[in-house]
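One file, work-v1.pdb, carrying PDB, N, CA and C atoms:
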ATOM      1  N   GLU A   1     -26.662  27.872  35.677
ATOM      2  CA  GLU A   1     -27.642  28.933  35.766
ATOM      3  C   GLU A   1     -29.063  28.385  35.663
ATOM      4  N   LYS A   2     -29.248  27.430  34.742
ATOM      5  CA  LYS A   2     -30.590  26.851  34.573
ATOM      6  C   LYS A   2     -31.023  26.109  35.832
ATOM      7  N   ILE A   3     -30.085  25.370  36.425
ATOM      8  CA  ILE A   3     -30.418  24.612  37.629
ATOM      9  C   ILE A   3     -30.841  25.567  38.742
ATOM     10  N   ALA A   4     -30.097  26.650  38.900
ATOM     11  CA  ALA A   4     -30.432  27.627  39.937
ATOM     12  C   ALA A   4     -31.786  28.269  39.666
ATOM     13  N   ALA A   5     -32.061  28.606  38.407
ATOM     14  CA  ALA A   5     -33.325  29.256  38.060
ATOM     15  C   ALA A   5     -34.515  28.323  38.277
ATOM     16  N   ILE A   6     -34.377  27.077  37.877
ATOM     17  CA  ILE A   6     -35.479  26.120  38.051
ATOM     18  C   ILE A   6     -35.684  25.809  39.526
ATOM     19  N   GLY A   7     -34.585  25.651  40.259
ATOM     20  CA  GLY A   7     -34.695  25.415  41.700
ATOM     21  C   GLY A   7     -35.358  26.581  42.409
ATOM     22  N   ALA A   8     -35.016  27.792  42.013
ATOM     23  CA  ALA A   8     -35.624  28.971  42.625
ATOM     24  C   ALA A   8     -37.111  29.058  42.289
ATOM     25  N   ALA A   9     -37.460  28.746  41.050
ATOM     26  CA  ALA A   9     -38.873  28.769  40.650
ATOM     27  C   ALA A   9     -39.669  27.731  41.435
ATOM     28  N   ARG A  10     -39.081  26.547  41.616
ATOM     29  CA  ARG A  10     -39.753  25.497  42.390
ATOM     30  C   ARG A  10     -39.930  25.933  43.845
ATOM     31  N   ASP A  11     -38.868  26.485  44.419
ATOM     32  CA  ASP A  11     -38.901  26.873  45.831
ATOM     33  C   ASP A  11     -39.811  28.078  46.088
ATOM     34  N   ALA A  12     -40.042  28.881  45.057
ATOM     35  CA  ALA A  12     -40.910  30.054  45.209
ATOM     36  C   ALA A  12     -42.384  29.664  45.250
ATOM     37  N   GLN A  13     -42.675  28.391  44.977
ATOM     38  CA  GLN A  13     -44.061  27.925  44.941
ATOM     39  C   GLN A  13     -44.247  26.734  45.882
ATOM     40  N   PRO A  14     -44.043  26.922  47.179
ATOM     41  CA  PRO A  14     -44.096  25.783  48.107
ATOM     42  C   PRO A  14     -45.483  25.148  48.215
ATOM     43  N   GLU A  15     -46.525  25.882  47.871
ATOM     44  CA  GLU A  15     -47.881  25.344  47.971
ATOM     45  C   GLU A  15     -48.376  24.734  46.666
ATOM     46  N   SER A  16     -47.500  24.597  45.670
ATOM     47  CA  SER A  16     -47.932  24.048  44.387
ATOM     48  C   SER A  16     -48.274  22.564  44.530
ATOM     49  N   PRO A  17     -49.154  22.071  43.658
ATOM     50  CA  PRO A  17     -49.517  20.647  43.720
ATOM     51  C   PRO A  17     -48.294  19.748  43.474
ATOM     52  N   GLY A  18     -48.399  18.530  43.915
ATOM     53  CA  GLY A  18     -47.303  17.580  43.779
ATOM     54  C   GLY A  18     -46.846  17.372  42.355
ATOM     55  N   PHE A  19     -47.800  17.355  41.415
ATOM     56  CA  PHE A  19     -47.409  17.114  40.025
ATOM     57  C   PHE A  19     -46.583  18.277  39.463
ATOM     58  N   VAL A  20     -46.817  19.488  39.960
ATOM     59  CA  VAL A  20     -46.035  20.646  39.509
ATOM     60  C   VAL A  20     -44.611  20.529  40.044
ATOM     61  N   ARG A  21     -44.479  20.165  41.315
ATOM     62  CA  ARG A  21     -43.145  19.976  41.891
ATOM     63  C   ARG A  21     -42.417  18.831  41.185
ATOM     64  N   ALA A  22     -43.161  17.818  40.788
ATOM     65  CA  ALA A  22     -42.555  16.687  40.077
ATOM     66  C   ALA A  22     -41.984  17.135  38.734
ATOM     67  N   ILE A  23     -42.659  18.050  38.063
ATOM     68  CA  ILE A  23     -42.146  18.566  36.787
ATOM     69  C   ILE A  23     -40.840  19.316  37.016
ATOM     70  N   PHE A  24     -40.801  20.153  38.056
ATOM     71  CA  PHE A  24     -39.559  20.852  38.385
ATOM     72  C   PHE A  24     -38.455  19.850  38.725
ATOM     73  N   ASP A  25     -38.777  18.861  39.545
ATOM     74  CA  ASP A  25     -37.785  17.873  39.957
ATOM     75  C   ASP A  25     -37.277  17.060  38.765
ATOM     76  N   TYR A  26     -38.169  16.749  37.842
ATOM     77  CA  TYR A  26     -37.762  16.018  36.639
ATOM     78  C   TYR A  26     -36.763  16.856  35.839
ATOM     79  N   SER A  27     -37.081  18.124  35.647
ATOM     80  CA  SER A  27     -36.178  19.014  34.905
ATOM     81  C   SER A  27     -34.824  19.117  35.589
ATOM     82  N   LEU A  28     -34.827  19.245  36.902
ATOM     83  CA  LEU A  28     -33.568  19.319  37.649
ATOM     84  C   LEU A  28     -32.773  18.021  37.521
ATOM     85  N   GLY A  29     -33.464  16.899  37.547
ATOM     86  CA  GLY A  29     -32.793  15.611  37.379
ATOM     87  C   GLY A  29     -32.173  15.459  36.005
ATOM     88  N   GLN A  30     -32.879  15.910  34.983
ATOM     89  CA  GLN A  30     -32.360  15.836  33.617
ATOM     90  C   GLN A  30     -31.119  16.715  33.464
ATOM     91  N   LEU A  31     -31.166  17.907  34.026
ATOM     92  CA  LEU A  31     -30.014  18.804  33.946
ATOM     93  C   LEU A  31     -28.811  18.237  34.704
ATOM     94  N   ALA A  32     -29.054  17.626  35.853
ATOM     95  CA  ALA A  32     -27.965  17.010  36.615
ATOM     96  C   ALA A  32     -27.351  15.847  35.833
ATOM     97  N   ALA A  33     -28.195  15.044  35.192
ATOM     98  CA  ALA A  33     -27.689  13.932  34.386
ATOM     99  C   ALA A  33     -26.867  14.455  33.213
ATOM    100  N   GLU A  34     -27.314  15.525  32.601
ATOM    101  CA  GLU A  34     -26.579  16.116  31.493
ATOM    102  C   GLU A  34     -25.216  16.642  31.965
ATOM    103  N   GLN A  35     -25.180  17.239  33.144
ATOM    104  CA  GLN A  35     -23.903  17.717  33.689
ATOM    105  C   GLN A  35     -22.935  16.562  33.911
ATOM    106  N   ARG A  36     -23.434  15.446  34.471
ATOM    107  CA  ARG A  36     -22.562  14.286  34.705
ATOM    108  C   ARG A  36     -22.036  13.728  33.392
ATOM    109  N   TRP A  37     -22.921  13.611  32.401
ATOM    110  CA  TRP A  37     -22.517  13.078  31.101
ATOM    111  C   TRP A  37     -21.476  13.985  30.454
ATOM    112  N   LEU A  38     -21.716  15.285  30.487
ATOM    113  CA  LEU A  38     -20.794  16.231  29.870
ATOM    114  C   LEU A  38     -19.433  16.227  30.566
ATOM    115  N   ALA A  39     -19.424  16.135  31.875
ATOM    116  CA  ALA A  39     -18.163  16.080  32.617
ATOM    117  C   ALA A  39     -17.372  14.828  32.229
ATOM    118  N   ALA A  40     -18.050  13.698  32.113
ATOM    119  CA  ALA A  40     -17.379  12.452  31.724
ATOM    120  C   ALA A  40     -16.848  12.548  30.300
ATOM    121  N   TYR A  41     -17.625  13.148  29.423
ATOM    122  CA  TYR A  41     -17.208  13.294  28.028
ATOM    123  C   TYR A  41     -16.000  14.218  27.924
ATOM    124  N   ARG A  42     -16.023  15.322  28.654
ATOM    125  CA  ARG A  42     -14.883  16.235  28.636
ATOM    126  C   ARG A  42     -13.630  15.554  29.184
ATOM    127  N   ALA A  43     -13.785  14.764  30.224
ATOM    128  CA  ALA A  43     -12.644  14.044  30.793
ATOM    129  C   ALA A  43     -12.080  13.067  29.767
ATOM    130  N   GLU A  44     -12.965  12.439  29.016
ATOM    131  CA  GLU A  44     -12.554  11.505  27.975
ATOM    132  C   GLU A  44     -11.737  12.220  26.901
ATOM    133  N   LEU A  45     -12.123  13.438  26.579
ATOM    134  CA  LEU A  45     -11.423  14.198  25.546
ATOM    135  C   LEU A  45     -10.026  14.621  25.981
ATOM    136  N   THR A  46      -9.830  14.797  27.275
ATOM    137  CA  THR A  46      -8.537  15.258  27.762
ATOM    138  C   THR A  46      -7.579  14.112  28.073
ATOM    139  N   GLU A  47      -8.084  12.871  28.099
ATOM    140  CA  GLU A  47      -7.224  11.721  28.339
ATOM    141  C   GLU A  47      -6.430  11.414  27.078
ATOM    142  N   PRO A  48      -5.201  10.946  27.244
ATOM    143  CA  PRO A  48      -4.433  10.552  26.048
ATOM    144  C   PRO A  48      -5.121   9.391  25.341
ATOM    145  N   ALA A  49      -5.138   9.446  24.035
ATOM    146  CA  ALA A  49      -5.805   8.401  23.244
ATOM    147  C   ALA A  49      -4.995   7.120  23.289
ATOM    148  N   GLU A  50      -5.703   6.010  23.426
ATOM    149  CA  GLU A  50      -5.059   4.706  23.381
ATOM    150  C   GLU A  50      -4.968   4.279  21.917
ATOM    151  N   PRO A  51      -3.910   3.569  21.557
ATOM    152  CA  PRO A  51      -3.814   3.107  20.168
ATOM    153  C   PRO A  51      -4.970   2.158  19.844
ATOM    154  N   ALA A  52      -5.525   2.333  18.679
ATOM    155  CA  ALA A  52      -6.651   1.490  18.258
ATOM    156  C   ALA A  52      -6.137   0.108  17.886
ATOM    157  N   GLU A  53      -6.939  -0.888  18.246
ATOM    158  CA  GLU A  53      -6.597  -2.251  17.873
ATOM    159  C   GLU A  53      -7.054  -2.495  16.444
ATOM    160  N   PRO A  54      -6.262  -3.204  15.663
ATOM    161  CA  PRO A  54      -6.699  -3.488  14.285
ATOM    162  C   PRO A  54      -7.932  -4.390  14.296
ATOM    163  N   THR A  55      -8.830  -4.112  13.384
ATOM    164  CA  THR A  55     -10.042  -4.921  13.259
ATOM    165  C   THR A  55     -10.142  -5.453  11.844
ATOM    166  N   GLU A  56     -10.892  -6.505  11.707
ATOM    167  CA  GLU A  56     -11.118  -7.077  10.384
ATOM    168  C   GLU A  56     -12.388  -6.496   9.791
ATOM    169  N   GLY A  57     -12.550  -6.632   8.519
ATOM    170  CA  GLY A  57     -13.787  -6.229   7.867
ATOM    171  C   GLY A  57     -13.769  -4.773   7.448
ATOM    172  N   ASP A  58     -14.848  -4.064   7.777
ATOM    173  CA  ASP A  58     -15.027  -2.702   7.277
ATOM    174  C   ASP A  58     -14.411  -1.633   8.172
ATOM    175  N   GLY A  59     -13.623  -2.012   9.156
ATOM    176  CA  GLY A  59     -12.989  -1.025  10.013
ATOM    177  C   GLY A  59     -13.809  -0.631  11.228
ATOM    178  N   HIS A  60     -14.988  -1.195  11.397
ATOM    179  CA  HIS A  60     -15.831  -0.899  12.564
ATOM    180  C   HIS A  60     -15.636  -1.986  13.608
ATOM    181  N   ASP A  61     -15.678  -1.585  14.856
ATOM    182  CA  ASP A  61     -15.590  -2.556  15.927
ATOM    183  C   ASP A  61     -16.838  -3.432  15.927
ATOM    184  N   PRO A  62     -16.682  -4.731  16.144
ATOM    185  CA  PRO A  62     -17.865  -5.602  16.227
ATOM    186  C   PRO A  62     -18.665  -5.278  17.490
ATOM    187  N   LEU A  63     -19.925  -5.499  17.431
ATOM    188  CA  LEU A  63     -20.799  -5.252  18.586
ATOM    189  C   LEU A  63     -20.673  -6.343  19.605
TER     190      LEU A  63
END
What does the file become when written as structure tokens?
Amino acid sequence: EKIAAIGAARDAQPESPGFVRAIFDYSLGQLAAEQRWLAAYRAELTEPAEPAEPTEGDGHDPL
């Protein structure tokens, strides 16, 4: 809904200065990136969990 609303607002102002269109485009890009990230995260949640490998030390994976 947000993407459609921002796109419509941008398209309703075809004579706006370039920097205004850039702000709309930036917002649309951020929302698209968030959608991709969320889709990947949701897919990760639905995949069967792999068994964790034992680690030494405090139980955290080394960097």
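Atom to atom, atom C of Ile6 in chain A and atom C of Ala33 in chain A stand 15.7 Å apart.
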Coordinates-based distance that separates CA of Ala12 in chain A from atom C of Phe24 in chain A (Å, one decimal): 12.3 Å
What does the distance between atom C of Ala39 in chain A and atom C of Arg21 in chain A come to in Å, to one decimal place? 26.9 Å
As a PyMOL selection string, please: the residues near Glu34 in chain A (cut-off 12 Å, only C-alpha atoms, same-chain neighbours under 6 positions excluded). chain A and resi 2-3+27-28+40-41
12 Å contact set for Asp25 in chain A, only C-alpha atoms, chain neighbours under 6 positions out, as an mmCIF file with N, CA and C atoms, keeping the file's coordinate frame:
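Written output follows (selection_7.cif):
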data_model
loop_
_atom_site.group_PDB
_atom_site.id
_atom_site.type_symbol
_atom_site.label_atom_id
_atom_site.label_comp_id
_atom_site.auth_asym_id
_atom_site.auth_seq_id
_atom_site.Cartn_x
_atom_site.Cartn_y
_atom_site.Cartn_z
ATOM 1 N N ILE A 3 -30.085 25.370 36.425
ATOM 2 C CA ILE A 3 -30.418 24.612 37.629
ATOM 3 C C ILE A 3 -30.841 25.567 38.742
ATOM 4 N N ILE A 6 -34.377 27.077 37.877
ATOM 5 C CA ILE A 6 -35.479 26.120 38.051
ATOM 6 C C ILE A 6 -35.684 25.809 39.526
ATOM 7 N N GLY A 7 -34.585 25.651 40.259
ATOM 8 C CA GLY A 7 -34.695 25.415 41.700
ATOM 9 C C GLY A 7 -35.358 26.581 42.409
ATOM 10 N N ALA A 8 -35.016 27.792 42.013
ATOM 11 C CA ALA A 8 -35.624 28.971 42.625
ATOM 12 C C ALA A 8 -37.111 29.058 42.289
ATOM 13 N N ALA A 9 -37.460 28.746 41.050
ATOM 14 C CA ALA A 9 -38.873 28.769 40.650
ATOM 15 C C ALA A 9 -39.669 27.731 41.435
ATOM 16 N N ARG A 10 -39.081 26.547 41.616
ATOM 17 C CA ARG A 10 -39.753 25.497 42.390
ATOM 18 C C ARG A 10 -39.930 25.933 43.845
ATOM 19 N N ASP A 11 -38.868 26.485 44.419
ATOM 20 C CA ASP A 11 -38.901 26.873 45.831
ATOM 21 C C ASP A 11 -39.811 28.078 46.088
ATOM 22 N N GLY A 18 -48.399 18.530 43.915
ATOM 23 C CA GLY A 18 -47.303 17.580 43.779
ATOM 24 C C GLY A 18 -46.846 17.372 42.355
ATOM 25 N N PHE A 19 -47.800 17.355 41.415
ATOM 26 C CA PHE A 19 -47.409 17.114 40.025
ATOM 27 C C PHE A 19 -46.583 18.277 39.463
ATOM 28 N N LEU A 31 -31.166 17.907 34.026
ATOM 29 C CA LEU A 31 -30.014 18.804 33.946
ATOM 30 C C LEU A 31 -28.811 18.237 34.704
ATOM 31 N N ALA A 32 -29.054 17.626 35.853
ATOM 32 C CA ALA A 32 -27.965 17.010 36.615
ATOM 33 C C ALA A 32 -27.351 15.847 35.833
#
Given 8 Å of margin on each side, can you work out the centre and size in Å (one decimal) of an axis-aligned box holding every listed atom of range 30-46 of chain A, as lines of an AutoDock Vina configuration file?
center_x = -20.2
center_y = 15.2
center_z = 31.1
size_x = 41.3
size_y = 23.3
size_z = 27.1
